[in-house]
Amino acid sequence: MYPATELLNKRLIPIIVDNLTRSLEEFGDLVQHSGEEYVYVLEGEIEVHTSAYAPCASRQVIRST
């Protein structure tokens, strides 16, 4: 899903993704492009792999009010 499609001159393209893969083998080759990634986990936990950085685990932050 691409939120905020009506905004002009955006500095980034926000994308909401459901990642259903469980391993790097299942995902396949890394996707190459000239941009950068910003990962914000809405639910669960994910390990992010890129060609520029070491793998990084990221998980949903739960805040109580």
# chains A, B, ... in the order shown; residues from 1 in each chain; ligands from 1

$ select_by_dssp --residues "chain A" --states "helix (DSSP H, G or I)" --output "mmCIF file with C-alpha atoms, in the first residue's frame"
data_model
loop_
_atom_site.group_PDB
_atom_site.id
_atom_site.type_symbol
_atom_site.label_atom_id
_atom_site.label_comp_id
_atom_site.auth_asym_id
_atom_site.auth_seq_id
_atom_site.Cartn_x
_atom_site.Cartn_y
_atom_site.Cartn_z
ATOM 1 C CA LEU A 24 16.526 -15.314 3.355
ATOM 2 C CA GLU A 25 16.302 -18.398 1.146
ATOM 3 C CA GLU A 26 12.544 -17.986 0.882
ATOM 4 C CA PHE A 27 12.896 -14.240 0.107
#

$ select_by_dssp --residues "chain A" --states "strand (DSSP E or B)" --output "VMD selection string"
chain A and resid 45 to 48 56 to 59

$ residues_around --residues "range 11-17 of chain A" --least-positions-apart "4" --cutoff "8 Å" --atoms "only C-alpha atoms" --output "ChimeraX atom specification"
/A:1-4

$ write_last_selection --atoms "C-alpha atoms" --output "short mmCIF file (atom, residue, chain, number, x, y, z; two decimals), in the first residue's frame"
data_model
loop_
_atom_site.label_atom_id
_atom_site.label_comp_id
_atom_site.auth_asym_id
_atom_site.auth_seq_id
_atom_site.Cartn_x
_atom_site.Cartn_y
_atom_site.Cartn_z
CA MET A 1 0.00 0.00 0.00
CA TYR A 2 1.27 3.48 -0.88
CA PRO A 3 -0.01 6.06 1.66
CA ALA A 4 -0.22 9.80 0.84
#

$ atom_distance --atom1 "CA of Leu30 in chain A" --atom2 "CA of Leu7 in chain A"
28.9 Å

$ residues_around --residues "Ser51 in chain A" --least-positions-apart "2" --cutoff "12 Å" --atoms "only C-alpha atoms" --output "PyMOL selection string"
chain A and resi 29-34+36-37+48-49+53-56

$ atom_distance --atom1 "CA of Leu8 in chain A" --atom2 "CA of Tyr38 in chain A"
19.9 Å

$ closest_residue --among "A:Gly28, A:Leu42, A:Asn19, A:Lys10" --to "Val61 in chain A" --atoms "only C-alpha atoms"
A:Leu42

$ closest_residue --among "A:Gln60, A:Glu6, A:Ser23, A:Asp18" --to "Glu43 in chain A" --atoms "only C-alpha atoms"
A:Gln60
